[in-house]
$ cat data-v4.txt   # compact mmCIF, C-alpha atoms and all ligand atoms
# COMPACT_ATOMS: atom_id res chain seq x y z
CA MET A 1 104.07 62.87 146.66
CA ARG A 2 106.61 65.17 148.30
CA VAL A 3 105.69 68.85 147.88
CA LYS A 4 108.34 71.54 148.40
CA ILE A 5 107.34 75.20 148.23
CA CYS A 6 110.35 77.39 147.63
CA GLY A 7 111.13 81.08 148.09
CA ILE A 8 109.44 81.67 151.45
CA THR A 9 110.27 85.09 152.88
CA ARG A 10 107.47 85.75 155.39
CA ASP A 11 106.65 83.97 158.67
CA GLU A 12 102.94 83.95 157.97
CA ASP A 13 103.38 82.37 154.53
CA GLY A 14 105.63 79.63 155.90
CA GLU A 15 103.23 78.75 158.68
CA ALA A 16 100.14 78.76 156.45
CA ILE A 17 101.83 76.63 153.79
CA ALA A 18 103.10 74.14 156.39
CA ARG A 19 99.55 73.88 157.73
CA MET A 20 98.22 73.17 154.23
CA GLY A 21 100.47 70.12 154.05
CA ALA A 22 103.77 71.06 152.40
CA SER A 23 106.53 68.52 153.00
CA ALA A 24 109.28 71.14 152.85
CA LEU A 25 109.80 74.88 152.56
CA GLY A 26 112.71 76.44 150.69
CA PHE A 27 114.58 79.56 151.81
CA ILE A 28 116.71 81.30 149.20
CA CYS A 29 120.21 82.06 150.53
CA VAL A 30 121.42 83.49 147.20
CA PRO A 31 121.95 87.24 147.77
CA SER A 32 121.17 88.24 144.16
CA SER A 33 117.67 86.73 144.33
CA PRO A 34 114.60 88.89 145.02
CA ARG A 35 113.58 86.04 147.35
CA TYR A 36 116.76 86.22 149.44
CA VAL A 37 116.39 85.84 153.19
CA GLY A 38 119.15 86.23 155.78
CA VAL A 39 120.06 83.62 158.36
CA GLY A 40 118.39 85.46 161.27
CA GLN A 41 115.12 85.69 159.39
CA ILE A 42 115.28 82.00 158.43
CA ARG A 43 115.90 81.04 162.08
CA GLN A 44 112.83 83.01 163.11
CA MET A 45 110.69 81.26 160.47
CA VAL A 46 112.09 77.81 161.31
CA ASP A 47 111.32 78.36 165.00
CA ARG A 48 107.70 79.11 164.13
CA LEU A 49 107.47 75.86 162.17
CA HIS A 50 108.49 73.55 165.00
CA SER A 51 104.98 72.17 165.53
CA TRP A 52 104.64 71.17 161.85
CA ARG A 53 106.31 68.18 160.30
CA VAL A 54 107.92 70.22 157.55
CA GLY A 55 111.47 70.29 156.23
CA ALA A 56 113.42 73.56 156.04
CA ILE A 57 115.75 73.67 153.05
CA GLY A 58 118.33 76.41 152.41
CA VAL A 59 118.98 77.09 148.71
CA PHE A 60 122.60 78.02 147.89
CA ALA A 61 124.57 78.59 144.70
CA ASN A 62 128.33 78.53 144.25
CA VAL A 63 129.44 79.22 147.80
CA GLY A 64 131.85 77.32 150.04
CA THR A 65 131.02 74.37 152.27
CA GLU A 66 131.87 76.25 155.45
CA PRO A 67 129.45 79.15 154.93
CA ILE A 68 126.73 76.65 154.04
CA GLY A 69 127.44 74.64 157.19
CA ASN A 70 127.28 77.80 159.30
CA VAL A 71 123.87 78.78 157.89
CA VAL A 72 122.51 75.25 158.36
CA ARG A 73 123.53 75.24 162.01
CA GLU A 74 122.52 78.83 162.80
CA ALA A 75 119.16 78.64 161.06
CA GLY A 76 118.29 75.07 162.14
CA LEU A 77 117.82 73.82 158.56
CA THR A 78 117.01 70.18 157.77
CA GLY A 79 118.59 70.28 154.34
CA VAL A 80 120.40 72.22 151.64
CA GLN A 81 119.73 72.62 147.94
CA LEU A 82 122.71 73.32 145.69
CA HIS A 83 121.46 75.38 142.77
CA GLY A 84 124.74 76.43 141.14
CA ASP A 85 127.60 74.63 139.41
CA GLU A 86 128.69 72.53 142.37
CA THR A 87 130.81 69.51 141.42
CA PRO A 88 130.36 65.94 142.70
CA GLU A 89 133.52 66.43 144.79
CA PHE A 90 132.03 69.56 146.32
CA CYS A 91 129.02 67.48 147.39
CA ASP A 92 131.38 65.01 149.14
CA ARG A 93 133.09 67.86 151.00
CA LEU A 94 129.75 69.36 151.96
CA ARG A 95 128.59 65.98 153.32
CA ALA A 96 131.64 65.93 155.58
CA GLU A 97 130.83 69.46 156.79
CA LEU A 98 127.19 68.75 157.66
CA ALA A 99 125.76 66.76 160.55
CA ASP A 100 124.32 63.32 159.83
CA GLY A 101 120.76 63.43 158.55
CA ILE A 102 120.99 66.82 156.83
CA GLU A 103 119.56 66.29 153.35
CA ILE A 104 121.59 67.36 150.30
CA ILE A 105 119.52 68.16 147.21
CA LYS A 106 121.43 68.82 143.97
CA ALA A 107 119.55 70.97 141.48
CA PHE A 108 120.22 70.66 137.74
CA ARG A 109 119.11 73.16 135.10
CA ILE A 110 118.16 70.94 132.20
CA LYS A 111 118.32 71.92 128.54
CA SER A 112 119.60 68.74 126.89
CA GLU A 113 120.12 64.99 127.23
CA ALA A 114 123.72 65.73 128.21
CA ASP A 115 122.54 67.62 131.29
CA LEU A 116 120.48 64.61 132.31
CA GLU A 117 123.42 62.30 131.72
CA ARG A 118 125.59 64.43 134.02
CA THR A 119 123.23 63.78 136.94
CA ARG A 120 124.62 60.21 137.11
CA LEU A 121 127.87 61.55 138.59
CA TYR A 122 125.98 62.74 141.66
CA ARG A 123 123.89 59.67 142.34
CA ASP A 124 125.88 58.23 145.23
CA ARG A 125 126.76 61.62 146.66
CA VAL A 126 123.50 63.40 147.35
CA ASP A 127 120.11 62.38 148.73
CA THR A 128 117.79 63.95 146.20
CA PHE A 129 117.87 65.50 142.72
CA LEU A 130 115.85 68.51 141.61
CA LEU A 131 115.36 69.10 137.89
CA ASP A 132 114.69 72.71 136.94
CA ALA A 133 114.45 74.68 133.71
CA TYR A 134 117.50 76.26 132.12
CA HIS A 135 117.20 79.96 131.39
CA PRO A 136 120.30 82.00 130.54
CA GLY A 137 121.36 84.43 133.26
CA GLN A 138 118.95 83.09 135.89
CA LEU A 139 119.58 80.37 138.44
CA GLY A 140 116.06 79.58 139.57
CA GLY A 141 112.55 80.78 140.22
CA THR A 142 112.18 81.50 136.50
CA GLY A 143 108.61 80.26 136.07
CA ARG A 144 109.71 78.39 132.94
CA GLN A 145 109.07 74.74 132.22
CA LEU A 146 111.81 72.43 131.14
CA ASP A 147 111.19 70.19 128.15
CA TRP A 148 109.34 67.29 129.79
CA THR A 149 109.89 65.06 126.77
CA LEU A 150 113.58 64.90 127.76
CA LEU A 151 112.49 63.14 130.95
CA ASP A 152 110.84 60.16 129.25
CA GLY A 153 112.15 57.11 131.08
CA PHE A 154 114.28 59.19 133.46
CA ASP A 155 114.95 57.00 136.48
CA PRO A 156 117.96 58.30 138.42
CA GLY A 157 117.85 55.75 141.24
CA VAL A 158 117.42 58.51 143.86
CA PRO A 159 114.30 60.47 144.82
CA TRP A 160 113.84 63.49 142.56
CA LEU A 161 111.76 66.64 142.45
CA LEU A 162 110.37 68.17 139.30
CA ALA A 163 110.61 71.99 139.29
CA GLY A 164 110.26 74.75 136.74
CA GLY A 165 107.09 76.60 135.88
CA LEU A 166 104.72 74.39 137.87
CA ASN A 167 101.44 75.90 139.05
CA PRO A 168 98.02 74.67 140.22
CA ASP A 169 96.80 74.44 136.60
CA ASN A 170 99.56 72.26 135.18
CA VAL A 171 100.74 70.26 138.18
CA LEU A 172 98.54 67.19 137.65
CA THR A 173 99.47 66.99 133.98
CA ALA A 174 103.13 67.27 134.95
CA ILE A 175 102.91 64.50 137.54
CA ALA A 176 101.02 62.18 135.19
CA ARG A 177 103.45 62.87 132.32
CA VAL A 178 106.80 62.90 134.15
CA ARG A 179 106.18 60.79 137.27
CA PRO A 180 108.64 62.47 139.64
CA THR A 181 108.88 61.47 143.30
CA GLY A 182 108.06 65.04 144.31
CA ILE A 183 107.45 68.54 143.06
CA ASP A 184 108.89 71.98 143.78
CA LEU A 185 107.08 75.23 143.09
CA SER A 186 107.88 78.88 143.59
CA SER A 187 106.66 81.57 141.18
CA GLY A 188 103.57 79.55 140.17
CA VAL A 189 102.16 80.10 143.67
CA GLU A 190 103.25 83.72 144.13
CA ARG A 191 101.74 87.19 143.92
CA SER A 192 105.17 88.73 143.42
CA PRO A 193 108.70 87.39 144.01
CA GLY A 194 108.88 86.09 147.59
CA ILE A 195 105.24 86.88 148.41
CA LYS A 196 103.22 83.71 148.23
CA ASP A 197 99.61 83.72 147.07
CA LEU A 198 97.94 81.52 149.67
CA ALA A 199 94.84 81.05 147.52
CA LYS A 200 97.04 79.57 144.78
CA VAL A 201 98.83 77.36 147.31
CA ALA A 202 95.46 76.16 148.64
CA ARG A 203 94.35 75.39 145.07
CA LEU A 204 97.56 73.45 144.51
CA PHE A 205 96.83 71.23 147.51
CA GLU A 206 93.20 70.82 146.40
CA GLN A 207 94.49 69.59 143.05
CA LEU A 208 96.86 67.20 144.73
CA GLY A 209 93.97 65.96 146.87
CA ALA A 210 94.59 63.45 149.56
CA ARG A 211 98.01 62.38 148.30
CA GLY A 212 100.11 61.45 151.35
CA GLN A 213 103.14 63.60 152.08
CA GLN A 214 106.52 61.92 152.30
CA ARG A 215 109.85 62.84 153.83
CA PRO A 216 109.73 66.41 155.09
O1 LIG B 301 113.85 81.37 143.36
C1 LIG B 301 114.89 82.02 143.25
O2 LIG B 301 114.89 83.26 143.22
C2 LIG B 301 116.21 81.30 143.13
C3 LIG B 301 117.36 82.07 143.00
C4 LIG B 301 118.58 81.45 142.90
C5 LIG B 301 118.67 80.07 142.94
C6 LIG B 301 117.52 79.30 143.07
C7 LIG B 301 116.29 79.89 143.17
N1 LIG B 301 115.12 79.13 143.26
C8 LIG B 301 115.17 77.71 143.37
C9 LIG B 301 113.92 76.91 143.45
O3 LIG B 301 113.93 75.87 144.07
C10 LIG B 301 112.68 77.23 142.66
O4 LIG B 301 111.61 76.70 143.37
C11 LIG B 301 112.80 76.54 141.30
O5 LIG B 301 113.77 77.20 140.57
C12 LIG B 301 111.45 76.58 140.53
O6 LIG B 301 111.04 77.90 140.34
P1 LIG B 301 109.68 78.23 139.54
O7 LIG B 301 109.92 77.93 138.10
O8 LIG B 301 109.45 79.68 139.79
O9 LIG B 301 108.60 77.38 140.15
$ encode --input "data-v4.txt" --output "structure tokens" --more "lines below"
Ligand SMILES: O=C(O)c1ccccc1NCC(=O)[C@H](O)[C@H](O)COP(=O)(O)O
Amino acid sequence: MRVKICGITRDEDGEAIARMGASALGFICVPSSPRYVGVGQIRQMVDRLHSWRVGAIGVFANVGTEPIGNVVREAGLTGVQLHGDETPEFCDRLRAELADGIEIIKAFRIKSEADLERTRLYRDRVDTFLLDAYHPGQLGGTGRQLDWTLLDGFDPGVPWLLAGGLNPDNVLTAIARVRPTGIDLSSGVERSPGIKDLAKVARLFEQLGARGQQRP
């Protein structure tokens, strides 16, 4: 089970969470977010993570391919997560901008079957999907669950992460019910936006037990 912990803003949180066994850490590059971190700060955190086998994912929304490429290179990211209204064609252009091997995750905010249907258009263009909750006026980190019943039989043909309102208390139920290839958590393991609660993160990994980690 791949485990991505998103919204890291402090060196010590990133290092502790990598040590606990996270597959990937997410850094929010959306300036309006309370979890925003600048490129210099991300670089510093990524440098401290070099001895851990952990991915470093920059989360972007509705910006150009060139600025994304610049942040990826400057910060030493292993992947990007597109959390806005990026089109399939945008994903193709971004692929051309990025070096080989940089993962592209497309996030979808799901409120209906139609939103799930739309994910098909991205299948051959990105590496991974992330399904998050829809909440008007907010892009992510909402702490809200999406309607898991919509995901019955969802099999996109690419690896996919379940996000939205996951926490140590509901994560096993979510995995058993929805069967994603991985999970993504942010506010469910926080004390306040951007400040991770390491006791909650530790409890999450206890819950997940000895499940092997996959692709960083
Ligand atoms: O977390 C944010 O502040 C954020 C802001 C703008 C775009 C995306 C953002 N977060 C993306 C994530 O990957 C979160 O982990 C995901 O939305 C789940 O959040 P939560 O429901 O709090 O676990």
$ residues_near_ligand --input "data-v4.txt" --ligand "ligand LIG 301 (chain B)" --cutoff "6 Å" --atoms "all atoms listed in the file" --output "list in words"
Cys6, Gly7, Val30, Ser33, Pro34, Arg35, His83, Asp132, Leu139, Gly140, Gly141, Thr142, Gly143, Arg144, Ala163, Gly164, Gly165, Leu166, Asp184, Leu185, Ser186, Ser187 and Gly188 of chain A
$ closest_residue --input "data-v4.txt" --among "A:Ile110, A:Ala174, A:Met1, A:Val126" --to "Thr87 in chain A" --atoms "all atoms listed in the file"
A:Val126
$ residues_around --input "data-v4.txt" --residues "Asp85 in chain A" --least-positions-apart "6" --cutoff "9 Å" --atoms "only C-alpha atoms" --output "JSON, numbers by chain"
{"A": [61, 62, 108]}
$ atom_distance --input "data-v4.txt" --atom1 "CA of Val72 in chain A" --atom2 "CA of Leu146 in chain A"
29.4 Å
$ atom_distance --input "data-v4.txt" --atom1 "CA of Gly69 in chain A" --atom2 "CA of Asp127 in chain A"
16.6 Å
$ closest_residue --input "data-v4.txt" --among "A:Gly79, A:Gly194, A:Pro88, A:Pro31" --to "Asp100 in chain A" --atoms "all atoms listed in the file"
A:Gly79
$ residues_around --input "data-v4.txt" --residues "Leu204 in chain A" --least-positions-apart "3" --cutoff "9 Å" --atoms "all atoms listed in the file" --output "ChimeraX atom specification"
/A:167-169,171,189,199-201,207-209
$ atom_distance --input "data-v4.txt" --atom1 "CA of Leu82 in chain A" --atom2 "CA of Leu130 in chain A"
9.3 Å
$ residues_around --input "data-v4.txt" --residues "Thr78 in chain A" --least-positions-apart "3" --cutoff "9 Å" --atoms "all atoms listed in the file" --output "list of chain:residue names"
A:Gly55, A:Ala56, A:Ile57, A:Gly58, A:Val72, A:Gly101, A:Ile102, A:Glu103, A:Pro216
$ closest_residue --input "data-v4.txt" --among "A:Ile195, A:Cys29, A:Ala96, A:Leu116" --to "Thr149 in chain A" --atoms "all atoms listed in the file"
A:Leu116
$ residues_around --input "data-v4.txt" --residues "Asp11 in chain A" --least-positions-apart "5" --cutoff "9 Å" --atoms "only C-alpha atoms" --output "VMD selection string"
chain A and resid 16 41 to 42 44 to 46 48 to 49
$ residues_around --input "data-v4.txt" --residues "Val54 in chain A" --least-positions-apart "2" --cutoff "12 Å" --atoms "all atoms listed in the file" --output "MDAnalysis selection string"
chainID A and resid 2:5 14:26 45:52 56:57 77:79 213:216
$ axis_aligned_box --input "data-v4.txt" --around "range 41-59 of chain A" --padding-each-side "5 Å" --output "lines of an AutoDock Vina configuration file"
center_x = 111.8
center_y = 76.9
center_z = 157.1
size_x = 24.3
size_y = 27.5
size_z = 26.8
$ closest_residue --input "data-v4.txt" --among "A:Glu190, A:Glu117, A:Glu66, A:Asp124" --to "Ala202 in chain A" --atoms "all atoms listed in the file"
A:Glu190
$ closest_residue --input "data-v4.txt" --among "A:Ser192, A:Thr181, A:Asn70, A:Ser32" --to "Ala99 in chain A" --atoms "only C-alpha atoms"
A:Asn70
$ closest_residue --input "data-v4.txt" --among "A:Arg203, A:Arg109, A:Arg179, A:Arg43" --to "Gln138 in chain A" --atoms "only C-alpha atoms"
A:Arg109
